Every structure is written in C-alpha cells, then in structure tokens.
file final32.pdb (PDB, C-alpha atoms)
ATOM      1  CA  MET A1299     -53.052  16.743  62.393
ATOM      2  CA  THR A1300     -55.533  19.580  62.043
ATOM      3  CA  GLY A1301     -57.458  19.061  65.241
ATOM      4  CA  ALA A1302     -58.345  16.886  68.224
ATOM      5  CA  SER A1303     -61.067  15.109  66.213
ATOM      6  CA  HIS A1304     -58.565  13.756  63.678
ATOM      7  CA  ARG A1305     -58.874   9.972  63.277
ATOM      8  CA  PRO A1306     -56.053   7.811  61.841
ATOM      9  CA  ASP A1307     -58.590   5.722  59.865
ATOM     10  CA  ARG A1308     -60.012   8.868  58.223
ATOM     11  CA  PRO A1309     -57.140  11.066  56.950
ATOM     12  CA  ASP A1310     -57.870  14.764  56.998
ATOM     13  CA  PRO A1311     -57.764  16.273  53.476
ATOM     14  CA  LEU A1312     -55.609  19.081  54.832
ATOM     15  CA  ASP A1313     -52.896  16.604  55.814
ATOM     16  CA  ASP A1314     -52.073  16.296  52.109
ATOM     17  CA  ASP A1315     -52.636  19.968  51.240
ATOM     18  CA  LEU A1316     -49.263  21.441  50.236
ATOM     19  CA  GLY A1317     -50.490  25.020  50.522
ATOM     20  CA  TRP A1318     -51.771  24.455  54.039
ATOM     21  CA  MET A1319     -48.527  22.789  55.167
ATOM     22  CA  LEU A1320     -46.343  25.480  53.620
ATOM     23  CA  GLY A1321     -48.574  28.154  55.157
ATOM     24  CA  ILE A1322     -48.240  26.724  58.669
ATOM     25  CA  VAL A1323     -44.445  26.414  58.406
ATOM     26  CA  PHE A1324     -44.112  29.853  56.811
ATOM     27  CA  ARG A1325     -46.249  31.476  59.509
ATOM     28  CA  GLY A1326     -44.137  29.925  62.247
ATOM     29  CA  TYR A1327     -40.931  31.023  60.546
ATOM     30  CA  VAL A1328     -42.118  34.573  59.910
ATOM     31  CA  ARG A1329     -43.209  35.076  63.525
ATOM     32  CA  ALA A1330     -39.894  33.841  64.912
ATOM     33  CA  ALA A1331     -37.839  35.680  62.275
ATOM     34  CA  GLU A1332     -39.622  38.964  62.959
ATOM     35  CA  HIS A1333     -38.778  38.580  66.640
ATOM     36  CA  ALA A1334     -35.111  37.902  65.805
ATOM     37  CA  LEU A1335     -35.013  40.937  63.501
ATOM     38  CA  THR A1336     -37.270  43.239  65.502
ATOM     39  CA  ASP A1337     -34.639  45.969  65.978
ATOM     40  CA  PHE A1338     -32.823  45.419  62.671
ATOM     41  CA  PRO A1339     -33.042  48.412  60.273
ATOM     42  CA  GLY A1340     -35.867  47.671  57.853
ATOM     43  CA  GLY A1341     -36.816  44.465  59.700
ATOM     44  CA  PRO A1342     -36.893  41.196  57.707
ATOM     45  CA  ARG A1343     -36.859  43.032  54.382
ATOM     46  CA  GLY A1344     -33.842  45.049  55.454
ATOM     47  CA  TYR A1345     -32.095  41.793  56.312
ATOM     48  CA  GLN A1346     -33.064  40.350  52.905
ATOM     49  CA  LEU A1347     -31.633  43.393  51.193
ATOM     50  CA  LEU A1348     -28.387  43.150  53.155
ATOM     51  CA  THR A1349     -28.155  39.437  52.321
ATOM     52  CA  ALA A1350     -28.603  40.108  48.604
ATOM     53  CA  ALA A1351     -26.114  42.990  48.648
ATOM     54  CA  SER A1352     -23.556  40.837  50.514
ATOM     55  CA  ASN A1353     -23.470  38.209  47.767
ATOM     56  CA  GLY A1354     -20.966  39.085  45.067
ATOM     57  CA  PRO A1355     -19.775  42.474  43.838
ATOM     58  CA  ALA A1356     -21.656  45.725  44.388
ATOM     59  CA  ARG A1357     -24.807  46.022  42.263
ATOM     60  CA  ASN A1358     -27.280  48.738  41.461
ATOM     61  CA  GLN A1359     -30.639  49.148  43.159
ATOM     62  CA  GLY A1360     -32.584  47.816  40.173
ATOM     63  CA  ALA A1361     -30.737  44.493  40.138
ATOM     64  CA  ILE A1362     -31.216  44.001  43.878
ATOM     65  CA  ALA A1363     -34.901  44.981  43.706
ATOM     66  CA  GLU A1364     -35.494  42.402  40.970
ATOM     67  CA  GLU A1365     -33.654  39.667  42.823
ATOM     68  CA  ILE A1366     -35.587  39.984  46.094
ATOM     69  CA  GLY A1367     -38.887  41.041  44.564
ATOM     70  CA  ILE A1368     -39.227  44.445  46.210
ATOM     71  CA  ASP A1369     -40.540  47.575  44.506
ATOM     72  CA  ARG A1370     -37.723  50.019  43.715
ATOM     73  CA  THR A1371     -39.375  52.821  45.661
ATOM     74  CA  VAL A1372     -39.654  50.639  48.758
ATOM     75  CA  LEU A1373     -36.073  49.491  48.236
ATOM     76  CA  THR A1374     -34.890  53.111  48.318
ATOM     77  CA  TYR A1375     -36.385  53.553  51.784
ATOM     78  CA  LEU A1376     -34.829  50.287  52.976
ATOM     79  CA  ILE A1377     -31.412  51.392  51.718
ATOM     80  CA  ASP A1378     -31.890  54.661  53.591
ATOM     81  CA  ASP A1379     -32.633  52.650  56.767
ATOM     82  CA  LEU A1380     -29.474  50.559  56.320
ATOM     83  CA  GLU A1381     -27.337  53.550  55.418
ATOM     84  CA  ARG A1382     -28.079  55.431  58.660
ATOM     85  CA  PRO A1383     -26.238  52.960  60.936
ATOM     86  CA  GLY A1384     -23.510  52.579  58.307
ATOM     87  CA  PHE A1385     -24.438  49.059  57.110
ATOM     88  CA  VAL A1386     -24.399  50.005  53.421
ATOM     89  CA  ALA A1387     -23.032  52.825  51.296
ATOM     90  CA  ARG A1388     -24.070  54.175  47.907
ATOM     91  CA  ARG A1389     -21.399  54.974  45.353
ATOM     92  CA  ALA A1390     -21.484  56.006  41.715
ATOM     93  CA  ASP A1391     -21.256  53.248  39.126
ATOM     94  CA  PRO A1392     -18.033  53.808  37.119
ATOM     95  CA  ALA A1393     -19.739  52.297  34.060
ATOM     96  CA  ASP A1394     -22.773  54.577  34.332
ATOM     97  CA  ARG A1395     -22.618  57.636  36.582
ATOM     98  CA  ARG A1396     -26.421  57.820  36.662
ATOM     99  CA  ASN A1397     -26.561  54.566  38.630
ATOM    100  CA  ARG A1398     -25.693  54.023  42.283
ATOM    101  CA  LEU A1399     -24.057  50.807  43.425
ATOM    102  CA  ILE A1400     -24.899  49.429  46.867
ATOM    103  CA  GLU A1401     -21.898  48.291  48.883
ATOM    104  CA  VAL A1402     -22.031  46.494  52.225
ATOM    105  CA  THR A1403     -19.654  47.964  54.808
ATOM    106  CA  ASP A1404     -17.640  46.038  57.396
ATOM    107  CA  ALA A1405     -20.205  47.062  60.016
ATOM    108  CA  GLY A1406     -22.959  45.786  57.742
ATOM    109  CA  ARG A1407     -21.271  42.424  57.278
ATOM    110  CA  ALA A1408     -20.791  42.054  61.038
ATOM    111  CA  ALA A1409     -24.469  42.892  61.662
ATOM    112  CA  TRP A1410     -25.574  40.504  58.920
ATOM    113  CA  GLU A1411     -23.469  37.660  60.328
ATOM    114  CA  GLN A1412     -24.873  38.199  63.821
ATOM    115  CA  ARG A1413     -28.477  38.067  62.595
ATOM    116  CA  ARG A1414     -27.739  35.145  60.287
ATOM    117  CA  LEU A1415     -26.701  33.111  63.329
ATOM    118  CA  ALA A1416     -29.888  34.168  65.140
ATOM    119  CA  LEU A1417     -31.993  33.046  62.178
ATOM    120  CA  ARG A1418     -30.143  29.734  62.075
ATOM    121  CA  GLN A1419     -31.342  29.154  65.621
ATOM    122  CA  VAL A1420     -34.879  29.986  64.504
ATOM    123  CA  GLU A1421     -34.572  27.451  61.687
ATOM    124  CA  SER A1422     -33.182  24.783  64.018
ATOM    125  CA  HIS A1423     -36.104  25.284  66.394
ATOM    126  CA  LEU A1424     -38.633  25.153  63.561
ATOM    127  CA  LEU A1425     -37.105  21.928  62.203
ATOM    128  CA  GLY A1426     -36.700  20.431  65.679
ATOM    129  CA  ALA A1427     -38.978  17.490  64.855
ATOM    130  CA  LEU A1428     -36.516  16.297  62.181
ATOM    131  CA  THR A1429     -33.215  14.502  62.491
ATOM    132  CA  SER A1430     -30.115  16.215  61.124
ATOM    133  CA  ALA A1431     -30.282  14.034  58.012
ATOM    134  CA  GLU A1432     -33.975  14.785  57.495
ATOM    135  CA  SER A1433     -33.363  18.490  57.957
ATOM    136  CA  ALA A1434     -30.577  18.451  55.368
ATOM    137  CA  THR A1435     -32.805  16.535  52.933
ATOM    138  CA  LEU A1436     -35.669  18.977  53.435
ATOM    139  CA  ARG A1437     -33.385  21.954  52.820
ATOM    140  CA  SER A1438     -32.034  20.340  49.658
ATOM    141  CA  LEU A1439     -35.513  19.582  48.317
ATOM    142  CA  LEU A1440     -36.848  23.029  49.199
ATOM    143  CA  GLN A1441     -33.869  24.619  47.456
ATOM    144  CA  LYS A1442     -34.607  22.563  44.344
ATOM    145  CA  VAL A1443     -38.281  23.584  44.373
ATOM    146  CA  ALA A1444     -37.462  27.231  45.128
ATOM    147  CA  CYS A1445     -34.943  27.443  42.276
ATOM    148  CA  SER A1446     -37.469  25.880  39.909
ATOM    149  CA  ALA A1447     -40.138  28.375  40.987
ATOM    150  CA  GLN A1448     -37.667  31.251  40.715
ATOM    151  CA  ALA A1449     -36.916  30.226  37.133
ATOM    152  CA  VAL A1450     -40.566  30.970  36.324
ATOM    153  CA  ASP A1451     -40.021  34.270  38.172
ATOM    154  CA  PRO A1452     -43.297  34.676  40.088
ATOM    155  CA  LEU A1453     -41.970  37.814  41.775
ATOM    156  CA  ARG A1454     -41.824  39.633  38.449
ATOM    157  CA  ASP A1455     -44.939  38.281  36.740
ATOM    158  CA  LEU A1456     -47.557  36.571  38.903
ATOM    159  CA  CYS A1457     -49.970  36.453  35.948
ATOM    160  CA  GLU A1458     -47.597  34.113  34.133
ATOM    161  CA  VAL A1459     -47.566  31.738  37.101
ATOM    162  CA  VAL A1460     -51.371  31.796  37.454
ATOM    163  CA  THR A1461     -51.782  31.080  33.728
ATOM    164  CA  GLN A1462     -49.392  28.131  33.974
ATOM    165  CA  VAL A1463     -51.160  26.705  37.042
ATOM    166  CA  GLN A1464     -54.554  27.027  35.335
ATOM    167  CA  ALA A1465     -53.224  25.332  32.205
ATOM    168  CA  ASP A1466     -51.771  22.467  34.250
ATOM    169  CA  SER A1467     -54.947  21.947  36.288
ATOM    170  CA  ALA A1468     -57.442  22.231  33.400
ATOM    171  CA  PRO A1469     -56.982  18.640  32.082
ATOM    172  CA  ALA A1470     -57.433  17.235  35.595
ATOM    173  CA  ALA A1471     -60.586  19.304  36.094
ATOM    174  CA  ARG A1472     -61.998  18.058  32.771
ATOM    175  CA  ARG A1473     -61.267  14.450  33.735
ATOM    176  CA  THR A1474     -62.973  14.905  37.114
ATOM    177  CA  GLY A1475     -66.023  16.478  35.476
ATOM    178  CA  ALA A1476     -66.290  13.697  32.925
ATOM    179  CA  ALA A1477     -66.026  11.024  35.625
ATOM    180  CA  THR A1478     -68.766  12.707  37.644
ATOM    181  CA  ALA A1479     -71.030  12.904  34.601
ATOM    182  CA  ARG A1480     -70.515   9.204  33.820
ATOM    183  CA  SER A1481     -71.345   8.195  37.379
ATOM    184  CA  GLY A1482     -74.572  10.201  37.279
ATOM    185  CA  ARG A1483     -73.781  11.818  40.603
ATOM    186  CA  THR A1484     -73.339  15.457  41.421
ATOM    187  CA  ALA A1485     -70.264  16.254  43.460
ATOM    188  CA  THR A1486     -71.212  17.936  46.716
ATOM    189  CA  PRO A1487     -68.432  19.894  48.396
ATOM    190  CA  ARG A1488     -67.885  18.962  52.015
ATOM    191  CA  ALA A1489     -67.299  21.612  54.616
ATOM    192  CA  ARG A1490     -63.679  21.744  55.679
ATOM    193  CA  ARG A1491     -62.497  22.267  59.149
ATOM    194  CA  SER A1492     -61.520  25.856  59.685
ATOM    195  CA  ARG A1493     -57.845  26.424  59.084
ATOM    196  CA  PRO A1494     -55.634  28.067  61.650
ATOM    197  CA  ASP A1495     -55.251  31.820  61.258
TER
END
call {"tool": "encode", "arguments": {"input": "final32.pdb", "output": "structure tokens"}}
result
Amino acid sequence: MTGASHRPDRPDPLDDDLGWMLGIVFRGYVRAAEHALTDFPGGPRGYQLLTAASNGPARNQGAIAEEIGIDRTVLTYLIDDLERPGFVARRADPADRRNRLIEVTDAGRAAWEQRRLALRQVESHLLGALTSAESATLRSLLQKVACSAQAVDPLRDLCEVVTQVQADSAPAARRTGAATARSGRTATPRARRSRPD
C-alpha cells in the first residue's frame, strides 16, 4: 500500500496505522475542497462558518467560534469577508445588546447550497473506491467517532486529549517493556519507509 516494494506476505506497518490512513484521506480531501472553494469568501473556513451559521437560529460570534474551533479574532475577519458579498448580516441580540447575532441571508444560503453540492462531488470522488453501501457505512462510523471525539472537545482543550491518550497508552507501554525485559532482548526500532508529504 505504501510503495512498490510492498509484499502481501509482509504487511507494511503503515497499512494498519490509523493516523497515516486518516492523514492521506484528509490531505486528499483538503486539496480538492480548497479547489472547490478557491473563490469562496474566507475559503474553506468561510464555508465552515457559513455552514455553522446556517444550522438553527441566529447565534452570537462566541458560540459559532466555539463550535467550529476558530479563534474569535479570526472569526471576526471571516464574518467581515462573508458580509461584503451579503452572505451574512450582523444584528443586535435582543437579549443582550452588547452581543451581535450572525444571520445567514438568502444570498448566503444560495451560495452555501451551491458549494455544498460541489463538495459532495469531491466526497464522491474521494470515496470512489467504495460501493454506495460501503460509503454510507464509512460515513456513519466516521460520524460516530467524530461525535465521540467532539464530546472530549479537543478543539477547546488539546491538553486534555493528550493527557487522556497518554493515560490510555501507559499500561500498554508498561506491558511491552516488561515483556522485553523478560525476553532479555532489547527492542531495536526499525526504519520506516518515508511517508508521503
């Protein structure tokens, strides 16, 4: 999978590396998505913002920033970008005049729908190796994993995620070390094939 020298009788460690697989798929998606959104105000992040603002009633900038994991200062610039072509509008929050609610305009919804269809084509191309049933299953499983990860909220506190990962992997590392000590052998790391950029 990772190169021409791959042999079926000797599986490449990377073939079972979740991070590597996710990285390859993510890179392919990002490249194609950036092309589809190249002239969209704010690019992919502007599209994300418009998607978040389109779901449900108007919300303030802080709530949207937290949901999509973008710094509030950066979000302000993205809203400015979307406001120029008339895709969103700011209005005072009746419950708190100090806040501004972000509303998606009819023009914004039309632009969002157009780009959503373009991104669907990107997704279909990326998942072209799968059958329709496999694609639906993958989406369902990814949604389940994404919602679970979002519950931990890595966008708000990466340190919490790192601490949890370290805690989960510590017992396995101790078991591996103990097994190596019992066998009297010293584990020697093997050089991996270089990963794609």
call {"tool": "atom_distance", "arguments": {"input": "final32.pdb", "atom1": "atom CA of Leu1425 of chain A", "atom2": "atom CA of Gln1448 of chain A"}}
result
23.4 Å
call {"tool": "closest_residue", "arguments": {"input": "final32.pdb", "among": "A:Pro1342, A:Asp1379, A:Ala1351, A:Asp1315", "to": "Val1328 of chain A", "atoms": "all atoms listed in the file"}}
result
A:Pro1342
call {"tool": "atom_distance", "arguments": {"input": "final32.pdb", "atom1": "atom CA of Gly1426 of chain A", "atom2": "atom CA of Ala1330 of chain A"}}
result
13.8 Å
call {"tool": "residues_around", "arguments": {"input": "final32.pdb", "residues": "His1333 of chain A", "least_positions_apart": "6", "cutoff": "10 Å", "atoms": "all atoms listed in the file", "output": "list in words"}}
result
Tyr1327, Gly1341, Pro1342, Leu1417 and Val1420 of chain A
call {"tool": "residues_around", "arguments": {"input": "final32.pdb", "residues": "segment 1401-1412 of chain A", "least_positions_apart": "6", "cutoff": "6 Å", "atoms": "only C-alpha atoms", "output": "CSV table (one decimal) with C-alpha atoms, in the coordinates of the input"}}
result
chain,number,residue,atom,x,y,z
A,1356,ALA,CA,-21.7,45.7,44.4
A,1385,PHE,CA,-24.4,49.1,57.1
A,1386,VAL,CA,-24.4,50.0,53.4
A,1387,ALA,CA,-23.0,52.8,51.3
call {"tool": "atom_distance", "arguments": {"input": "final32.pdb", "atom1": "atom CA of Pro1355 of chain A", "atom2": "atom CA of Lys1442 of chain A"}}
result
24.8 Å
call {"tool": "resolve_selection", "arguments": {"input": "final32.pdb", "expression": "the PyMOL selection byres ((chain A and resi 1389) around 10)", "output": "list in words"}}
result
Ala1356, Asn1358, Val1386, Ala1387, Arg1388, Ala1390, Asp1391, Pro1392, Arg1395, Asn1397, Arg1398, Leu1399, Ile1400 and Glu1401 of chain A
call {"tool": "decode", "arguments": {"input": "final32.pdb", "residues": "segment 1344-1372 of chain A", "atoms": "N, CA, C and O atoms", "output": "compact mmCIF listing (two decimals), in the first residue's frame"}}
result
# COMPACT_ATOMS: atom_id res chain seq x y z
N GLY A 1344 -14.34 29.97 5.70
CA GLY A 1344 -15.54 30.78 5.47
C GLY A 1344 -16.75 29.89 5.21
O GLY A 1344 -17.85 30.17 5.70
N TYR A 1345 -16.52 28.81 4.48
CA TYR A 1345 -17.61 27.86 4.21
C TYR A 1345 -18.05 27.18 5.51
O TYR A 1345 -19.25 27.01 5.75
N GLN A 1346 -17.06 26.79 6.35
CA GLN A 1346 -17.39 26.19 7.64
C GLN A 1346 -18.24 27.13 8.49
O GLN A 1346 -19.21 26.72 9.12
N LEU A 1347 -17.85 28.38 8.50
CA LEU A 1347 -18.59 29.37 9.28
C LEU A 1347 -20.02 29.49 8.76
O LEU A 1347 -20.99 29.51 9.54
N LEU A 1348 -20.17 29.56 7.44
CA LEU A 1348 -21.50 29.70 6.86
C LEU A 1348 -22.34 28.46 7.15
O LEU A 1348 -23.55 28.56 7.41
N THR A 1349 -21.71 27.29 7.14
CA THR A 1349 -22.41 26.04 7.46
C THR A 1349 -22.92 26.08 8.90
O THR A 1349 -24.08 25.75 9.17
N ALA A 1350 -22.04 26.48 9.82
CA ALA A 1350 -22.44 26.54 11.24
C ALA A 1350 -23.54 27.56 11.46
O ALA A 1350 -24.50 27.31 12.19
N ALA A 1351 -23.43 28.71 10.80
CA ALA A 1351 -24.43 29.77 10.97
C ALA A 1351 -25.76 29.40 10.33
O ALA A 1351 -26.81 29.94 10.71
N SER A 1352 -25.74 28.49 9.35
CA SER A 1352 -26.97 28.10 8.65
C SER A 1352 -27.80 27.11 9.47
O SER A 1352 -28.98 26.91 9.20
N ASN A 1353 -27.17 26.47 10.44
CA ASN A 1353 -27.86 25.45 11.22
C ASN A 1353 -28.53 26.07 12.44
O ASN A 1353 -27.85 26.49 13.38
N GLY A 1354 -29.85 26.13 12.42
CA GLY A 1354 -30.58 26.63 13.57
C GLY A 1354 -30.72 28.14 13.57
O GLY A 1354 -30.39 28.82 12.60
N PRO A 1355 -31.20 28.68 14.68
CA PRO A 1355 -31.42 30.13 14.78
C PRO A 1355 -30.11 30.90 14.83
O PRO A 1355 -29.03 30.32 15.03
N ALA A 1356 -30.20 32.21 14.64
CA ALA A 1356 -29.01 33.06 14.67
C ALA A 1356 -28.33 32.95 16.04
O ALA A 1356 -29.00 32.89 17.07
N ARG A 1357 -26.99 32.90 16.00
CA ARG A 1357 -26.21 32.80 17.24
C ARG A 1357 -25.14 33.87 17.27
O ARG A 1357 -24.80 34.46 16.23
N ASN A 1358 -24.56 34.08 18.45
CA ASN A 1358 -23.50 35.08 18.53
C ASN A 1358 -22.17 34.51 18.08
O ASN A 1358 -22.02 33.30 17.90
N GLN A 1359 -21.20 35.40 17.90
CA GLN A 1359 -19.90 35.00 17.36
C GLN A 1359 -19.19 34.00 18.27
O GLN A 1359 -18.54 33.08 17.79
N GLY A 1360 -19.32 34.19 19.59
CA GLY A 1360 -18.65 33.30 20.53
C GLY A 1360 -19.11 31.87 20.39
O GLY A 1360 -18.31 30.93 20.41
N ALA A 1361 -20.42 31.66 20.25
CA ALA A 1361 -20.97 30.31 20.13
C ALA A 1361 -20.49 29.64 18.84
O ALA A 1361 -20.16 28.45 18.83
N ILE A 1362 -20.46 30.40 17.76
CA ILE A 1362 -20.01 29.85 16.48
C ILE A 1362 -18.52 29.54 16.53
O ILE A 1362 -18.07 28.48 16.06
N ALA A 1363 -17.73 30.44 17.12
CA ALA A 1363 -16.29 30.23 17.23
C ALA A 1363 -15.99 28.95 18.00
O ALA A 1363 -15.11 28.16 17.61
N GLU A 1364 -16.72 28.72 19.08
CA GLU A 1364 -16.51 27.52 19.89
C GLU A 1364 -16.89 26.27 19.13
O GLU A 1364 -16.19 25.25 19.20
N GLU A 1365 -17.98 26.34 18.39
CA GLU A 1365 -18.44 25.16 17.66
C GLU A 1365 -17.45 24.71 16.59
O GLU A 1365 -17.18 23.51 16.43
N ILE A 1366 -16.89 25.64 15.83
CA ILE A 1366 -16.01 25.25 14.72
C ILE A 1366 -14.53 25.36 15.08
O ILE A 1366 -13.68 25.07 14.25
N GLY A 1367 -14.23 25.74 16.32
CA GLY A 1367 -12.86 25.74 16.77
C GLY A 1367 -11.98 26.80 16.14
O GLY A 1367 -10.82 26.55 15.83
N ILE A 1368 -12.52 27.99 15.94
CA ILE A 1368 -11.76 29.09 15.36
C ILE A 1368 -11.66 30.22 16.38
O ILE A 1368 -12.63 30.53 17.07
N ASP A 1369 -10.47 30.80 16.48
CA ASP A 1369 -10.26 31.93 17.39
C ASP A 1369 -11.25 33.05 17.05
O ASP A 1369 -11.55 33.32 15.89
N ARG A 1370 -11.74 33.73 18.08
CA ARG A 1370 -12.77 34.76 17.88
C ARG A 1370 -12.27 35.91 17.01
O ARG A 1370 -13.03 36.48 16.23
N THR A 1371 -10.99 36.24 17.16
CA THR A 1371 -10.44 37.32 16.34
C THR A 1371 -10.44 36.94 14.86
O THR A 1371 -10.83 37.72 13.99
N VAL A 1372 -10.01 35.70 14.59
CA VAL A 1372 -10.02 35.21 13.21
C VAL A 1372 -11.45 35.15 12.68
O VAL A 1372 -11.73 35.51 11.53
